[in-house]
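One file, protein-v9.pdb, is given below (PDB, C-alpha atoms and all ligand atoms).
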```pdb
ATOM      1  CA  MET A   1      -0.332 -15.046-312.031
ATOM      2  CA  PRO A   2      -0.520 -11.498-310.657
ATOM      3  CA  LYS A   3       0.358  -8.681-313.050
ATOM      4  CA  PRO A   4       4.168  -8.278-313.161
ATOM      5  CA  VAL A   5       5.893  -5.424-311.310
ATOM      6  CA  ARG A   6       8.003  -3.580-313.896
ATOM      7  CA  LYS A   7       8.294  -0.107-312.416
ATOM      8  CA  ALA A   8       9.865   1.234-309.243
ATOM      9  CA  VAL A   9       9.499   4.630-307.616
ATOM     10  CA  PHE A  10      12.398   6.167-305.696
ATOM     11  CA  PRO A  11      11.410   9.206-303.598
ATOM     12  CA  VAL A  12      14.554  11.373-303.691
ATOM     13  CA  ALA A  13      13.171  14.871-303.160
ATOM     14  CA  GLY A  14      14.134  15.147-299.462
ATOM     15  CA  LEU A  15      16.260  18.095-298.395
ATOM     16  CA  GLY A  16      18.755  16.027-296.429
ATOM     17  CA  THR A  17      18.767  18.471-293.525
ATOM     18  CA  ARG A  18      20.086  15.825-291.127
ATOM     19  CA  PHE A  19      23.241  15.700-293.247
ATOM     20  CA  LEU A  20      24.045  19.400-293.482
ATOM     21  CA  PRO A  21      26.499  20.827-294.304
ATOM     22  CA  ALA A  22      27.447  17.777-296.461
ATOM     23  CA  THR A  23      24.211  18.108-298.452
ATOM     24  CA  ARG A  24      24.436  21.826-299.320
ATOM     25  CA  ALA A  25      25.332  21.008-302.940
ATOM     26  CA  VAL A  26      25.400  17.183-303.063
ATOM     27  CA  PRO A  27      22.059  15.339-302.825
ATOM     28  CA  LYS A  28      22.076  13.094-299.743
ATOM     29  CA  GLU A  29      21.260  10.113-301.980
ATOM     30  CA  LEU A  30      24.617  10.544-303.737
ATOM     31  CA  VAL A  31      26.736  10.376-300.594
ATOM     32  CA  PRO A  32      28.816   7.208-301.044
ATOM     33  CA  VAL A  33      28.770   3.980-299.112
ATOM     34  CA  LEU A  34      32.079   2.307-299.967
ATOM     35  CA  ASP A  35      32.495   3.025-303.706
ATOM     36  CA  ARG A  36      29.018   4.054-304.893
ATOM     37  CA  PRO A  37      26.216   6.372-303.838
ATOM     38  CA  VAL A  38      23.699   4.946-301.421
ATOM     39  CA  LEU A  39      21.046   5.419-304.147
ATOM     40  CA  GLN A  40      22.998   3.241-306.564
ATOM     41  CA  TRP A  41      22.978   0.343-304.088
ATOM     42  CA  VAL A  42      19.185   0.666-303.908
ATOM     43  CA  VAL A  43      18.799   0.908-307.707
ATOM     44  CA  GLU A  44      20.926  -2.258-307.983
ATOM     45  CA  GLU A  45      18.551  -3.993-305.560
ATOM     46  CA  ALA A  46      15.669  -3.032-307.883
ATOM     47  CA  LYS A  47      17.550  -4.171-311.020
ATOM     48  CA  GLU A  48      18.249  -7.547-309.393
ATOM     49  CA  ALA A  49      14.519  -7.908-308.669
ATOM     50  CA  GLY A  50      13.700  -7.437-312.366
ATOM     51  CA  ILE A  51      12.589  -3.784-312.359
ATOM     52  CA  GLU A  52      12.732  -2.276-315.868
ATOM     53  CA  GLU A  53      11.665   1.348-315.354
ATOM     54  CA  PHE A  54      13.091   3.600-312.680
ATOM     55  CA  ILE A  55      11.010   6.588-311.623
ATOM     56  CA  PHE A  56      12.748   9.162-309.445
ATOM     57  CA  VAL A  57      10.643  11.731-307.620
ATOM     58  CA  THR A  58      13.099  14.540-307.399
ATOM     59  CA  ALA A  59      13.267  18.255-306.597
ATOM     60  CA  ARG A  60      15.195  21.432-307.337
ATOM     61  CA  GLY A  61      18.933  21.101-306.751
ATOM     62  CA  LYS A  62      18.980  17.329-307.296
ATOM     63  CA  GLU A  63      20.019  17.311-310.949
ATOM     64  CA  ALA A  64      23.225  15.378-310.173
ATOM     65  CA  ILE A  65      21.081  12.270-309.609
ATOM     66  CA  ALA A  66      20.071  12.185-313.308
ATOM     67  CA  ASP A  67      23.703  12.754-314.316
ATOM     68  CA  HIS A  68      24.832   9.871-312.139
ATOM     69  CA  PHE A  69      22.616   7.313-313.908
ATOM     70  CA  ASP A  70      23.258   8.691-317.399
ATOM     71  CA  ALA A  71      25.893   7.446-319.881
ATOM     72  CA  HIS A  72      29.327   9.125-319.610
ATOM     73  CA  PRO A  73      30.908   8.832-323.106
ATOM     74  CA  GLU A  74      34.012  10.973-322.410
ATOM     75  CA  LEU A  75      34.770   9.183-319.151
ATOM     76  CA  GLU A  76      34.215   5.790-320.785
ATOM     77  CA  GLN A  77      36.499   6.642-323.718
ATOM     78  CA  THR A  78      39.247   7.825-321.382
ATOM     79  CA  LEU A  79      39.023   4.711-319.197
ATOM     80  CA  ALA A  80      39.012   2.466-322.296
ATOM     81  CA  ALA A  81      42.063   4.270-323.769
ATOM     82  CA  ARG A  82      43.929   3.803-320.479
ATOM     83  CA  GLY A  83      43.010   0.117-320.279
ATOM     84  CA  LYS A  84      41.152   0.588-316.975
ATOM     85  CA  ASP A  85      38.700  -2.187-317.732
ATOM     86  CA  ASP A  86      37.439  -2.745-314.182
ATOM     87  CA  LEU A  87      36.564   0.916-313.722
ATOM     88  CA  LEU A  88      34.971   1.036-317.167
ATOM     89  CA  LYS A  89      32.792  -1.920-316.227
ATOM     90  CA  ALA A  90      31.809  -0.253-312.939
ATOM     91  CA  VAL A  91      30.938   3.035-314.676
ATOM     92  CA  ARG A  92      28.809   1.266-317.299
ATOM     93  CA  ALA A  93      27.056  -0.897-314.705
ATOM     94  CA  ALA A  94      25.895   2.219-312.860
ATOM     95  CA  ALA A  95      23.970   3.556-315.860
ATOM     96  CA  ILE A  96      20.256   3.031-316.423
ATOM     97  CA  PRO A  97      19.438   2.167-320.072
ATOM     98  CA  ALA A  98      18.220   5.010-322.310
ATOM     99  CA  GLY A  99      14.586   5.910-321.769
ATOM    100  CA  LYS A 100      14.261   3.765-318.638
ATOM    101  CA  ALA A 101      15.036   6.451-316.034
ATOM    102  CA  ILE A 102      12.207   8.929-315.572
ATOM    103  CA  TYR A 103      12.421  12.018-313.391
ATOM    104  CA  VAL A 104       9.362  13.783-312.012
ATOM    105  CA  ARG A 105       9.425  16.781-309.705
ATOM    106  CA  GLN A 106       7.771  17.238-306.348
ATOM    107  CA  ASP A 107       7.050  20.947-305.905
ATOM    108  CA  ALA A 108       7.310  21.106-302.100
ATOM    109  CA  PRO A 109       8.190  18.705-299.244
ATOM    110  CA  LYS A 110       4.630  17.631-298.413
ATOM    111  CA  GLY A 111       5.435  14.084-297.305
ATOM    112  CA  LEU A 112       6.268  10.630-298.625
ATOM    113  CA  GLY A 113       2.666   9.977-299.710
ATOM    114  CA  HIS A 114       2.639  13.198-301.719
ATOM    115  CA  ALA A 115       5.991  12.287-303.321
ATOM    116  CA  ILE A 116       4.670   8.880-304.409
ATOM    117  CA  ALA A 117       1.481  10.511-305.743
ATOM    118  CA  CYS A 118       3.698  12.681-307.991
ATOM    119  CA  ALA A 119       4.613   9.467-309.865
ATOM    120  CA  ALA A 120       0.962   8.495-310.544
ATOM    121  CA  ALA A 121       0.857   9.467-314.234
ATOM    122  CA  VAL A 122       4.141   7.683-314.986
ATOM    123  CA  VAL A 123       3.192   4.511-313.097
ATOM    124  CA  GLY A 124      -0.259   4.344-314.690
ATOM    125  CA  ASP A 125      -2.555   1.397-314.083
ATOM    126  CA  GLU A 126      -0.067  -1.254-312.995
ATOM    127  CA  PRO A 127       1.515  -2.558-309.804
ATOM    128  CA  PHE A 128       4.785  -0.898-308.813
ATOM    129  CA  ALA A 129       7.525  -1.035-306.202
ATOM    130  CA  VAL A 130       8.628   1.788-303.911
ATOM    131  CA  LEU A 131      12.160   1.804-302.494
ATOM    132  CA  LEU A 132      13.151   4.398-299.902
ATOM    133  CA  PRO A 133      16.800   5.142-300.664
ATOM    134  CA  ASP A 134      17.662   6.140-297.090
ATOM    135  CA  MET A 135      17.212   2.523-296.110
ATOM    136  CA  LEU A 136      20.114   0.428-297.298
ATOM    137  CA  MET A 137      18.960  -3.167-296.949
ATOM    138  CA  ARG A 138      21.660  -5.771-297.176
ATOM    139  CA  ALA A 139      20.734  -9.346-298.041
ATOM    140  CA  GLU A 140      21.358 -11.983-300.683
ATOM    141  CA  PRO A 141      19.140 -12.113-302.598
ATOM    142  CA  GLY A 142      18.009  -8.523-302.038
ATOM    143  CA  CYS A 143      14.897  -7.516-300.118
ATOM    144  CA  LEU A 144      12.842  -6.626-303.209
ATOM    145  CA  THR A 145      13.702  -9.966-304.873
ATOM    146  CA  GLY A 146      12.301 -11.789-301.842
ATOM    147  CA  MET A 147       9.185  -9.627-301.941
ATOM    148  CA  MET A 148       8.700 -10.371-305.648
ATOM    149  CA  ASP A 149       8.720 -14.115-304.913
ATOM    150  CA  ARG A 150       6.071 -13.595-302.274
ATOM    151  CA  TYR A 151       4.076 -11.351-304.628
ATOM    152  CA  ALA A 152       4.078 -14.105-307.259
ATOM    153  CA  GLN A 153       2.200 -16.267-304.718
ATOM    154  CA  THR A 154      -0.147 -13.752-303.098
ATOM    155  CA  GLY A 155      -0.528 -10.811-305.518
ATOM    156  CA  GLY A 156      -1.960  -7.692-303.872
ATOM    157  CA  ASN A 157       0.263  -5.408-301.813
ATOM    158  CA  ILE A 158       3.453  -6.484-300.034
ATOM    159  CA  ILE A 159       5.208  -4.456-297.339
ATOM    160  CA  ALA A 160       8.690  -5.288-296.031
ATOM    161  CA  VAL A 161       8.734  -5.280-292.237
ATOM    162  CA  GLU A 162      11.304  -5.930-289.537
ATOM    163  CA  GLU A 163      11.440  -5.986-285.758
ATOM    164  CA  VAL A 164      12.971  -3.112-283.821
ATOM    165  CA  PRO A 165      13.256  -2.529-280.060
ATOM    166  CA  ARG A 166       9.900  -1.211-278.848
ATOM    167  CA  GLU A 167      11.286   2.189-277.816
ATOM    168  CA  GLU A 168      12.179   2.903-281.477
ATOM    169  CA  VAL A 169       8.760   2.271-283.071
ATOM    170  CA  HIS A 170       7.710   5.937-282.837
ATOM    171  CA  ARG A 171      10.171   6.782-285.647
ATOM    172  CA  TYR A 172       8.498   4.464-288.188
ATOM    173  CA  GLY A 173       5.322   3.110-289.709
ATOM    174  CA  VAL A 174       4.127   0.125-287.660
ATOM    175  CA  VAL A 175       1.972  -2.838-288.753
ATOM    176  CA  ALA A 176      -0.370  -5.229-286.956
ATOM    177  CA  LEU A 177      -0.644  -8.808-288.211
ATOM    178  CA  ASP A 178      -3.603 -11.181-288.178
ATOM    179  CA  GLU A 179      -2.915 -13.201-285.028
ATOM    180  CA  ASN A 180      -5.328 -15.968-285.986
ATOM    181  CA  ALA A 181      -3.092 -17.059-288.856
ATOM    182  CA  PRO A 182       0.404 -15.775-287.995
ATOM    183  CA  GLU A 183       2.178 -17.654-290.806
ATOM    184  CA  ALA A 184      -0.013 -15.926-293.445
ATOM    185  CA  LEU A 185       1.513 -12.542-292.441
ATOM    186  CA  ARG A 186      -1.692 -10.748-293.318
ATOM    187  CA  ILE A 187      -1.621  -7.102-292.273
ATOM    188  CA  THR A 188      -4.672  -5.920-290.329
ATOM    189  CA  ALA A 189      -3.616  -2.336-289.536
ATOM    190  CA  MET A 190      -0.888   0.208-290.264
ATOM    191  CA  VAL A 191      -0.110   3.350-288.323
ATOM    192  CA  GLU A 192       2.519   6.017-288.952
ATOM    193  CA  LYS A 193       4.853   7.039-286.123
ATOM    194  CA  PRO A 194       2.620   5.971-283.207
ATOM    195  CA  PRO A 195       3.559   6.741-279.602
ATOM    196  CA  VAL A 196       5.100   3.579-278.093
ATOM    197  CA  GLU A 197       2.039   2.855-275.950
ATOM    198  CA  GLU A 198      -0.269   2.962-278.995
ATOM    199  CA  ALA A 199       1.919   0.915-281.355
ATOM    200  CA  PRO A 200       0.184  -2.339-282.369
ATOM    201  CA  SER A 201       3.515  -4.231-282.499
ATOM    202  CA  ASN A 202       7.252  -3.718-282.870
ATOM    203  CA  LEU A 203       7.151  -4.640-286.569
ATOM    204  CA  ILE A 204       8.111  -1.575-288.552
ATOM    205  CA  ILE A 205       7.716  -0.714-292.228
ATOM    206  CA  SER A 206      11.272  -1.005-293.542
ATOM    207  CA  GLY A 207      11.099   1.052-296.723
ATOM    208  CA  ARG A 208      10.246  -1.417-299.514
ATOM    209  CA  TYR A 209       6.720  -1.735-300.888
ATOM    210  CA  ILE A 210       4.894  -3.478-303.734
ATOM    211  CA  LEU A 211       1.664  -1.580-304.294
ATOM    212  CA  GLN A 212      -1.369  -1.807-306.556
ATOM    213  CA  PRO A 213      -2.349   1.328-308.492
ATOM    214  CA  ASP A 214      -5.570   1.821-306.471
ATOM    215  CA  ILE A 215      -3.255   3.425-303.884
ATOM    216  CA  PHE A 216      -3.261   6.600-305.996
ATOM    217  CA  ASP A 217      -7.027   7.056-305.476
ATOM    218  CA  HIS A 218      -6.513   6.665-301.742
ATOM    219  CA  LEU A 219      -3.539   9.048-301.752
ATOM    220  CA  ALA A 220      -5.709  11.675-303.419
ATOM    221  CA  GLN A 221      -8.129  11.379-300.460
ATOM    222  CA  THR A 222      -5.456  11.349-297.752
ATOM    223  CA  THR A 223      -5.143  14.426-295.549
ATOM    224  CA  PRO A 224      -1.930  15.404-293.714
ATOM    225  CA  GLY A 225      -1.084  13.037-290.850
ATOM    226  CA  ALA A 226       2.030  12.551-288.697
ATOM    227  CA  GLY A 227       4.346  15.568-288.902
ATOM    228  CA  GLY A 228       1.700  17.475-290.900
ATOM    229  CA  GLU A 229       2.672  15.462-294.004
ATOM    230  CA  ILE A 230       0.737  13.279-296.453
ATOM    231  CA  GLN A 231       1.734   9.796-295.355
ATOM    232  CA  ILE A 232       1.811   6.702-297.584
ATOM    233  CA  THR A 233       1.018   4.648-294.460
ATOM    234  CA  ASP A 234      -2.297   6.512-294.013
ATOM    235  CA  ALA A 235      -3.211   5.917-297.669
ATOM    236  CA  MET A 236      -2.362   2.205-297.312
ATOM    237  CA  GLN A 237      -4.549   2.014-294.192
ATOM    238  CA  ARG A 238      -7.389   3.565-296.212
ATOM    239  CA  ALA A 239      -6.917   0.976-298.969
ATOM    240  CA  LEU A 240      -6.828  -1.819-296.365
ATOM    241  CA  THR A 241     -10.096  -0.588-294.824
ATOM    242  CA  ALA A 242     -11.610  -0.562-298.316
ATOM    243  CA  GLY A 243     -10.722  -4.268-298.650
ATOM    244  CA  ALA A 244      -7.348  -4.278-300.419
ATOM    245  CA  PRO A 245      -5.126  -7.245-299.382
ATOM    246  CA  TYR A 246      -1.862  -6.335-297.642
ATOM    247  CA  HIS A 247       0.789  -8.897-296.742
ATOM    248  CA  ALA A 248       4.003  -8.440-294.805
ATOM    249  CA  TRP A 249       7.388  -9.724-295.928
ATOM    250  CA  ARG A 250       9.751 -10.239-293.005
ATOM    251  CA  PHE A 251      13.168  -8.891-293.888
ATOM    252  CA  THR A 252      15.894 -10.814-292.097
ATOM    253  CA  GLY A 253      18.981  -9.142-293.565
ATOM    254  CA  GLU A 254      20.668  -6.039-292.205
ATOM    255  CA  THR A 255      19.149  -2.547-292.543
ATOM    256  CA  PHE A 256      21.180   0.659-292.354
ATOM    257  CA  ASP A 257      19.213   3.885-291.960
ATOM    258  CA  CYS A 258      21.458   6.129-294.040
ATOM    259  CA  GLY A 259      19.192   9.100-293.345
ATOM    260  CA  VAL A 260      21.050   9.558-290.055
ATOM    261  CA  LYS A 261      24.770   9.891-289.412
ATOM    262  CA  LEU A 262      25.198   6.728-287.354
ATOM    263  CA  GLY A 263      23.415   4.459-289.857
ATOM    264  CA  PHE A 264      25.501   5.868-292.654
ATOM    265  CA  LEU A 265      28.751   5.326-290.726
ATOM    266  CA  LEU A 266      27.736   1.775-289.824
ATOM    267  CA  ALA A 267      26.878   1.060-293.488
ATOM    268  CA  ASN A 268      30.318   2.223-294.578
ATOM    269  CA  PHE A 269      31.929   0.153-291.851
ATOM    270  CA  ALA A 270      29.965  -3.007-292.732
ATOM    271  CA  PHE A 271      30.428  -2.657-296.491
ATOM    272  CA  GLY A 272      34.116  -1.855-295.950
ATOM    273  CA  LEU A 273      34.535  -5.052-293.905
ATOM    274  CA  ALA A 274      32.903  -7.024-296.726
ATOM    275  CA  ASP A 275      35.203  -5.599-299.395
ATOM    276  CA  ALA A 276      38.424  -7.514-300.129
ATOM    277  CA  GLU A 277      40.394  -4.324-300.820
ATOM    278  CA  THR A 278      39.479  -2.412-297.662
ATOM    279  CA  ALA A 279      38.676  -5.196-295.165
ATOM    280  CA  PRO A 280      42.164  -6.061-293.811
ATOM    281  CA  ALA A 281      43.208  -2.478-292.983
ATOM    282  CA  LEU A 282      39.761  -1.558-291.653
ATOM    283  CA  ARG A 283      39.693  -4.612-289.395
ATOM    284  CA  ALA A 284      43.200  -3.880-288.107
ATOM    285  CA  TYR A 285      42.208  -0.265-287.395
ATOM    286  CA  ALA A 286      39.038  -1.306-285.535
ATOM    287  CA  GLU A 287      40.997  -3.816-283.461
ATOM    288  CA  ARG A 288      43.577  -1.159-282.577
ATOM    289  CA  LEU A 289      40.829   1.259-281.506
ATOM    290  CA  LEU A 290      39.238  -1.410-279.302
ATOM    291  CA  ARG A 291      42.610  -2.249-277.707
ATOM    292  CA  ASP A 292      43.647   1.338-276.912
TER     293      ASP A 292
HETATM  294  C1  LIG A 301       9.096   6.604-293.864
HETATM  295  C2  LIG A 301       7.732   5.944-293.767
HETATM  296  C3  LIG A 301       7.689   4.997-292.557
HETATM  297  C4  LIG A 301       8.815   3.991-292.652
HETATM  298  C5  LIG A 301      10.157   4.732-292.797
HETATM  299  C6  LIG A 301      11.293   3.765-293.034
HETATM  300  O1  LIG A 301       9.272   7.489-292.778
HETATM  301  O2  LIG A 301       6.741   6.946-293.661
HETATM  302  O3  LIG A 301       6.449   4.337-292.511
HETATM  303  O4  LIG A 301       8.814   3.169-291.510
HETATM  304  O5  LIG A 301      10.137   5.648-293.894
HETATM  305  O6  LIG A 301      12.496   4.470-293.016
HETATM  306  P1  LIG A 301      10.409   8.637-292.781
HETATM  307  O7  LIG A 301      11.713   7.942-292.523
HETATM  308  O8  LIG A 301      10.362   9.279-294.135
HETATM  309  O9  LIG A 301      10.031   9.573-291.677
END
```

Before anything else, please render the file you have as structure tokens.
Amino acid sequence: MPKPVRKAVFPVAGLGTRFLPATRAVPKELVPVLDRPVLQWVVEEAKEAGIEEFIFVTARGKEAIADHFDAHPELEQTLAARGKDDLLKAVRAAAIPAGKAIYVRQDAPKGLGHAIACAAAVVGDEPFAVLLPDMLMRAEPGCLTGMMDRYAQTGGNIIAVEEVPREEVHRYGVVALDENAPEALRITAMVEKPPVEEAPSNLIISGRYILQPDIFDHLAQTTPGAGGEIQITDAMQRALTAGAPYHAWRFTGETFDCGVKLGFLLANFAFGLADAETAPALRAYAERLLRD
């Protein structure tokens, strides 16, 4: 049995410039999809997968994230006194148990790889998951749960991947698979934001990872890559070259890139259509728009 994955890292230090002016004072990760922040959906995905410790790589001005996952005694007392049991349950379910949420700071936006490296001391010498909160991945069971099942069989490193139209690959990390044994989904190369003509496939890195702690040694050796930033994809490619096993997990649910306006709107639309309270009116409104 491979060593269990107990910890997850959530890189939440990004400035959210694509969402200004909404993100002047509110961290982009706390912008809601339906009735909860996008980050809470992703934390729930991690909880479902059995994660016990939640490590947030944060930055100045993002203190509201820690408040969101904390207990709220006054609010809970008020809701209890008013008999609002459903809301009380929802508020309590959002919290992370005492001592299990850990916040570390990234000093400057030097890239996703640098952000993950900031969690090295807290992760220590054990495997860990990384969940990129911009990517809202909808599936039952959740993406990370599926990856955990695969990890139980293969151990090593697991990367969630999905197909996108070829003209979109330049926005993502892209993987190549071993073509001699396609069903094994063994990764043979990873490249960050390649030009379309250099992309090894149209399988992109979706934003969920299970990584072994040797990645931190490789991150320490990784120089700035695409966009002048320290890229986790480059560090993973280094580890792969050094012999570390990397397997892909094909995600077949629906992904919403909530880092951009359209993805965020689509997420709200899809989650609204799946919610008993909002679905009928939302559907009627959409049908009216299509008619007129
Ligand atoms: C990051 C990763 C990239 C991945 C993407 C998924 O890029 O570096 O490999 O495909 O997330 O959203 P970013 O979106 O931070 O530019």

If I wrap all listed atoms of ligand LIG 301 (chain A) in a box with edges along x, y and z and add 8 Å on each side, what are its centre and edge lengths in Å to one decimal, as JSON?
```
{"center_x": 9.5, "center_y": 6.4, "center_z": -292.8, "size_x": 22.0, "size_y": 22.4, "size_z": 18.6}
```

_Hits of the PyMOL selection byres (((not hetatm)) within 9 of (chain A and resi 301)) in this structure, as a PyMOL selection string_ = chain A and resi 14+111-113+132-135+161+169+171-174+190-193+204-208+226-227+231-233+257+259

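Look at A:Leu240: the protein and nucleic acid residues within 8 Å of it, using only C-alpha atoms and passing over chain neighbours fewer than 5 places away, are Thr188, Ala189, Pro245 and Tyr246 of chain A.
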
*Hey, what's within 8 Å of A:Ile55 if we count only C-alpha atoms and toss same-chain stuff fewer than 2 positions away? As number ranges by chain, please?*
A: 7-10, 53, 57, 101-104, 119, 122

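Closest approach to A:Ile210 among A:Asp149, A:Asp234, A:Glu254, A:Glu277: A:Asp149, based on only C-alpha atoms.
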
*asked:* Can you spell out as a list in words the set of residues that the PyMOL selection byres (((chain A and resi 200) around 8) and not hetatm) selects in the structure I just provided?
replied: Val174, Val175, Ala176, Glu198, Ala199, Ser201 and Asn202 of chain A

Can you complete the atoms of stretch 32-40 of chain A to all heavy atoms and list them as a PDB file, keeping the file's coordinate frame?
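The result, written out as selection.pdb:
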```
ATOM      1  N   PRO A  32      28.448   8.603-300.800  1.00  0.00           N
ATOM      2  CA  PRO A  32      28.816   7.208-301.044  1.00  0.00           C
ATOM      3  C   PRO A  32      28.844   6.306-299.810  1.00  0.00           C
ATOM      4  O   PRO A  32      29.163   6.749-298.716  1.00  0.00           O
ATOM      5  CB  PRO A  32      30.221   7.303-301.648  1.00  0.00           C
ATOM      6  CG  PRO A  32      30.769   8.597-301.179  1.00  0.00           C
ATOM      7  CD  PRO A  32      29.610   9.513-300.927  1.00  0.00           C
ATOM      8  N   VAL A  33      28.496   5.064-300.045  1.00  0.00           N
ATOM      9  CA  VAL A  33      28.770   3.980-299.112  1.00  0.00           C
ATOM     10  C   VAL A  33      29.762   3.082-299.853  1.00  0.00           C
ATOM     11  O   VAL A  33      29.450   2.586-300.938  1.00  0.00           O
ATOM     12  CB  VAL A  33      27.488   3.216-298.745  1.00  0.00           C
ATOM     13  CG1 VAL A  33      27.820   1.939-297.976  1.00  0.00           C
ATOM     14  CG2 VAL A  33      26.556   4.098-297.915  1.00  0.00           C
ATOM     15  N   LEU A  34      30.945   2.968-299.318  1.00  0.00           N
ATOM     16  CA  LEU A  34      32.079   2.307-299.967  1.00  0.00           C
ATOM     17  C   LEU A  34      32.398   3.018-301.286  1.00  0.00           C
ATOM     18  O   LEU A  34      32.888   4.132-301.265  1.00  0.00           O
ATOM     19  CB  LEU A  34      31.820   0.804-300.142  1.00  0.00           C
ATOM     20  CG  LEU A  34      33.053  -0.030-300.524  1.00  0.00           C
ATOM     21  CD1 LEU A  34      34.116   0.031-299.442  1.00  0.00           C
ATOM     22  CD2 LEU A  34      32.678  -1.484-300.791  1.00  0.00           C
ATOM     23  N   ASP A  35      32.059   2.419-302.445  1.00  0.00           N
ATOM     24  CA  ASP A  35      32.495   3.025-303.706  1.00  0.00           C
ATOM     25  C   ASP A  35      31.361   3.518-304.587  1.00  0.00           C
ATOM     26  O   ASP A  35      31.566   3.848-305.750  1.00  0.00           O
ATOM     27  CB  ASP A  35      33.346   2.019-304.496  1.00  0.00           C
ATOM     28  CG  ASP A  35      32.551   0.763-304.833  1.00  0.00           C
ATOM     29  OD1 ASP A  35      31.392   0.636-304.383  1.00  0.00           O
ATOM     30  OD2 ASP A  35      33.088  -0.103-305.542  1.00  0.00           O
ATOM     31  N   ARG A  36      30.129   3.569-304.060  1.00  0.00           N
ATOM     32  CA  ARG A  36      29.018   4.054-304.893  1.00  0.00           C
ATOM     33  C   ARG A  36      27.987   4.751-304.023  1.00  0.00           C
ATOM     34  O   ARG A  36      27.871   4.451-302.824  1.00  0.00           O
ATOM     35  CB  ARG A  36      28.395   2.908-305.692  1.00  0.00           C
ATOM     36  CG  ARG A  36      27.725   1.849-304.877  1.00  0.00           C
ATOM     37  CD  ARG A  36      27.646   0.545-305.620  1.00  0.00           C
ATOM     38  NE  ARG A  36      28.954  -0.067-305.740  1.00  0.00           N
ATOM     39  CZ  ARG A  36      29.205  -1.221-306.337  1.00  0.00           C
ATOM     40  NH1 ARG A  36      28.237  -1.916-306.866  1.00  0.00           N
ATOM     41  NH2 ARG A  36      30.421  -1.702-306.381  1.00  0.00           N
ATOM     42  N   PRO A  37      27.217   5.664-304.631  1.00  0.00           N
ATOM     43  CA  PRO A  37      26.216   6.372-303.838  1.00  0.00           C
ATOM     44  C   PRO A  37      25.203   5.405-303.231  1.00  0.00           C
ATOM     45  O   PRO A  37      24.898   4.371-303.831  1.00  0.00           O
ATOM     46  CB  PRO A  37      25.515   7.262-304.871  1.00  0.00           C
ATOM     47  CG  PRO A  37      26.432   7.366-306.020  1.00  0.00           C
ATOM     48  CD  PRO A  37      27.252   6.116-306.026  1.00  0.00           C
ATOM     49  N   VAL A  38      24.693   5.789-302.095  1.00  0.00           N
ATOM     50  CA  VAL A  38      23.699   4.946-301.421  1.00  0.00           C
ATOM     51  C   VAL A  38      22.542   4.661-302.376  1.00  0.00           C
ATOM     52  O   VAL A  38      22.030   3.526-302.430  1.00  0.00           O
ATOM     53  CB  VAL A  38      23.253   5.602-300.089  1.00  0.00           C
ATOM     54  CG1 VAL A  38      22.570   6.924-300.277  1.00  0.00           C
ATOM     55  CG2 VAL A  38      22.381   4.670-299.289  1.00  0.00           C
ATOM     56  N   LEU A  39      22.158   5.623-303.207  1.00  0.00           N
ATOM     57  CA  LEU A  39      21.046   5.419-304.147  1.00  0.00           C
ATOM     58  C   LEU A  39      21.379   4.350-305.185  1.00  0.00           C
ATOM     59  O   LEU A  39      20.501   3.600-305.622  1.00  0.00           O
ATOM     60  CB  LEU A  39      20.696   6.748-304.835  1.00  0.00           C
ATOM     61  CG  LEU A  39      19.556   6.715-305.845  1.00  0.00           C
ATOM     62  CD1 LEU A  39      18.269   6.170-305.239  1.00  0.00           C
ATOM     63  CD2 LEU A  39      19.308   8.108-306.424  1.00  0.00           C
ATOM     64  N   GLN A  40      22.642   4.264-305.568  1.00  0.00           N
ATOM     65  CA  GLN A  40      22.998   3.241-306.564  1.00  0.00           C
ATOM     66  C   GLN A  40      22.834   1.831-305.994  1.00  0.00           C
ATOM     67  O   GLN A  40      22.370   0.921-306.678  1.00  0.00           O
ATOM     68  CB  GLN A  40      24.415   3.443-307.092  1.00  0.00           C
ATOM     69  CG  GLN A  40      24.691   2.516-308.281  1.00  0.00           C
ATOM     70  CD  GLN A  40      26.105   2.638-308.814  1.00  0.00           C
ATOM     71  OE1 GLN A  40      26.671   3.729-308.850  1.00  0.00           O
ATOM     72  NE2 GLN A  40      26.674   1.525-309.217  1.00  0.00           N
TER      73      GLN A  40
END
```
